[in-house]
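This report refers to the structure that appears directly beneath it.
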Amino acid sequence: MVLDIERLVDSVPEGAEALMQKVAETACLKEGVERVMAYVRIVDDEQIHVLNRETRGVDRPTDVLSYPSVNYKSGTARDNAARIRREYDPETGRSFIGDIVISIDRARAQAREYGHSLSRELGYLTAHAMLHLFGYDHMTDEDKPVMRAMEEKIMNEVGLQREDHMISDEQLVEMATEAMEKAYAPYSNYRVGACLLSEDGRTFTGCNIENASYGATICAERAAVCKAVSEGARRFTAIAVVGSGSYAWPCGVCRQVLNEFSDHMRVIAGHAGHGYEAMALSDLLPKGFGPESL
């Protein structure tokens, strides 16, 4: 799945486009659709107001608009593979399934209203719009729960759970414990798992990966950070770290790496089967050197 994103505004948060791409890819995976693309424009309220008036006869701004290019006979995209293939573009090697327009102003207002990040709201609007391009709708009592269920599946898959399902310390520790079981630790036999929570609600796990050249070993915390940053996340609120033999407080190098992305995150250290403790990263790394020091 490829989103061709055009910004017509300057206030899109860092990492949001990578998150929107991830959401679109997940939507395709859940729907069972391959090698498609969509065009996305991020606009302001005034621009989407004009589009609403000209294309829908609605004289007000809305948060998102979807314009499917596939004429579905019945069902959704999963039931119309042949019709999707008709939209094949030899230049891109993909089938074009439609256009999406998102208002950054509406997204920002709704993020404030619902108490979550702008990135999360843009992720939700992307999922919602993609489902419209797949032929889903929410205008009838019969269709609405089907579309909502698919939205939930997509959002949960990318770690953007609804805010009324906020992740607890216990859940972070549980996910870190699961990651610990995947650790590669043939030399120390000390397995560690980590689960990192980003400001937009996504979670990223990692485990320690040892190496015969000991200096090349990667700690679980840094494995989780690398995964998160590669997915566009930049700010974090908490990390749970669970060790197989003791409470796994981050080493000095990991404290420095974590401090690069947030000096106020909570660090939850667990000992598998023996509970956990928590404290602020700023207490673990007092007077730490970070981006603000430069």
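Residues in the structure tokens are named by chain (A, B, ... in the order shown) and by number from 1 within that chain; ligands are numbered from 1 in the order shown.
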Would you please give, as a ChimeraX atom specification, all residues of segment 51-266 of chain A that DSSP assigns to strand (DSSP E) based on the backbone? /A:64-68,88-89,94-103,192-198,203-207,236-243,266
Resulting file, chosen residues, C-alpha atoms, as an mmCIF file, in the first residue's frame:
data_model
loop_
_atom_site.group_PDB
_atom_site.id
_atom_site.type_symbol
_atom_site.label_atom_id
_atom_site.label_comp_id
_atom_site.auth_asym_id
_atom_site.auth_seq_id
_atom_site.Cartn_x
_atom_site.Cartn_y
_atom_site.Cartn_z
ATOM 1 C CA VAL A 64 -12.319 13.913 6.317
ATOM 2 C CA LEU A 65 -13.582 13.212 2.815
ATOM 3 C CA SER A 66 -13.161 10.031 0.788
ATOM 4 C CA TYR A 67 -13.622 9.696 -2.960
ATOM 5 C CA PRO A 68 -13.453 6.010 -4.019
ATOM 6 C CA TYR A 88 -4.350 -0.678 -12.388
ATOM 7 C CA ASP A 89 -1.823 2.032 -13.276
ATOM 8 C CA ARG A 94 -0.566 -0.442 -8.404
ATOM 9 C CA SER A 95 -4.327 0.003 -8.564
ATOM 10 C CA PHE A 96 -5.538 3.483 -7.670
ATOM 11 C CA ILE A 97 -8.457 3.180 -5.220
ATOM 12 C CA GLY A 98 -9.294 6.827 -4.572
ATOM 13 C CA ASP A 99 -8.640 10.183 -2.931
ATOM 14 C CA ILE A 100 -8.654 11.197 0.725
ATOM 15 C CA VAL A 101 -8.824 14.747 2.074
ATOM 16 C CA ILE A 102 -8.171 15.439 5.765
ATOM 17 C CA SER A 103 -8.621 18.759 7.564
ATOM 18 C CA VAL A 192 15.277 -8.882 29.130
ATOM 19 C CA GLY A 193 12.147 -7.557 27.424
ATOM 20 C CA ALA A 194 10.967 -3.965 27.047
ATOM 21 C CA CYS A 195 7.719 -2.274 26.031
ATOM 22 C CA LEU A 196 7.849 1.409 25.091
ATOM 23 C CA LEU A 197 4.726 3.622 25.109
ATOM 24 C CA SER A 198 4.680 6.605 22.717
ATOM 25 C CA THR A 203 3.493 0.463 21.894
ATOM 26 C CA PHE A 204 6.811 -0.980 20.725
ATOM 27 C CA THR A 205 8.537 -4.023 22.167
ATOM 28 C CA GLY A 206 12.138 -5.189 22.114
ATOM 29 C CA CYS A 207 14.384 -7.825 23.676
ATOM 30 C CA PHE A 236 7.551 8.562 24.739
ATOM 31 C CA THR A 237 5.721 8.564 28.049
ATOM 32 C CA ALA A 238 6.703 5.236 29.642
ATOM 33 C CA ILE A 239 8.801 2.128 29.245
ATOM 34 C CA ALA A 240 8.492 -1.205 31.048
ATOM 35 C CA VAL A 241 11.642 -3.340 31.303
ATOM 36 C CA VAL A 242 11.431 -6.885 32.651
ATOM 37 C CA GLY A 243 14.385 -9.108 33.492
ATOM 38 C CA ARG A 266 8.203 6.792 33.596
#
Please identify which residues in segment 40-119 of chain A DSSP calls alpha helix (DSSP H) from the backbone, and express them as a VMD selection string. chain A and resid 45 to 56 81 to 85 104 to 114 118 to 119
Return as a tab-separated table the residues of segment 223-244 of chain A lying at most 10 Å from segment 5-19 of chain A, together with the closest atom-to-atom pair for each and the distance in Å to one decimal, counting only C-alpha atoms, with rows in chain order and ascending residue number.
residue	atom	partner	partner_atom	distance
A:Val229	CA	A:Gly15	CA	8.9
A:Ser230	CA	A:Ala18	CA	9.1
A:Glu231	CA	A:Ala18	CA	6.5
A:Gly232	CA	A:Gly15	CA	4.4
A:Ala233	CA	A:Gly15	CA	6.0
A:Arg234	CA	A:Gly15	CA	7.3
I need the chosen residues saved as a short mmCIF file (atom, residue, chain, number, x, y, z; two decimals), in the first residue's frame, with N, CA and C atoms.
data_model
loop_
_atom_site.label_atom_id
_atom_site.label_comp_id
_atom_site.auth_asym_id
_atom_site.auth_seq_id
_atom_site.Cartn_x
_atom_site.Cartn_y
_atom_site.Cartn_z
N VAL A 229 11.37 4.44 16.61
CA VAL A 229 11.82 5.56 15.79
C VAL A 229 11.69 5.22 14.31
N SER A 230 11.95 3.96 13.95
CA SER A 230 11.82 3.56 12.55
C SER A 230 10.37 3.59 12.08
N GLU A 231 9.41 3.61 13.03
CA GLU A 231 8.00 3.69 12.68
C GLU A 231 7.47 5.12 12.82
N GLY A 232 8.37 6.09 13.05
CA GLY A 232 7.97 7.49 13.07
C GLY A 232 7.68 8.06 14.44
N ALA A 233 7.78 7.28 15.50
CA ALA A 233 7.54 7.80 16.85
C ALA A 233 8.78 8.54 17.34
N ARG A 234 8.56 9.61 18.09
CA ARG A 234 9.68 10.42 18.57
C ARG A 234 9.60 10.78 20.05
#
Using only C-alpha atoms, which residues sit within 10 Å of Gly32 of chain A once same-chain residues fewer than 3 positions away are excluded, as a PyMOL selection string? chain A and resi 26-29+77-79+81
Nearest to Ile268 of chain A, chosen from A:Ile209, A:Leu125, A:Val173, A:Met20, with only C-alpha atoms counted in the distances: A:Val173
Pairwise distance for atom CA of Tyr187 of chain A and atom CA of Cys219 of chain A, rounded to one decimal in Å: 13.6 Å
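Checking A:Ala272, A:Asn208, A:Pro291, A:Met1 one by one against Gly93 of chain A, counting only C-alpha atoms, you find the shortest gap at A:Met1.
Using only C-alpha atoms, the smallest distance between any of A:Ser293, A:Lys22, A:Tyr190, A:His264 and Tyr247 of chain A comes from A:Tyr190.
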Fewer than 2 positions away in the same chain doesn't count, so skip those; otherwise give me all residues within 6 Å of Phe261 of chain A, counting only C-alpha atoms, as a ChimeraX atom specification. /A:235,258-259
Pull N, CA and C atoms from the residues just selected and write them as a JSON list (two decimals), in the first residue's frame.
[["chain", "number", "residue", "atom", "x", "y", "z"],
["A", 235, "ARG", "N", 8.40, 10.75, 20.63],
["A", 235, "ARG", "CA", 8.25, 11.12, 22.03],
["A", 235, "ARG", "C", 7.55, 9.98, 22.78],
["A", 258, "LEU", "N", 17.19, 6.80, 26.12],
["A", 258, "LEU", "CA", 15.82, 7.16, 26.45],
["A", 258, "LEU", "C", 15.68, 8.66, 26.68],
["A", 259, "ASN", "N", 16.68, 9.25, 27.31],
["A", 259, "ASN", "CA", 16.66, 10.69, 27.59],
["A", 259, "ASN", "C", 16.64, 11.52, 26.31]]
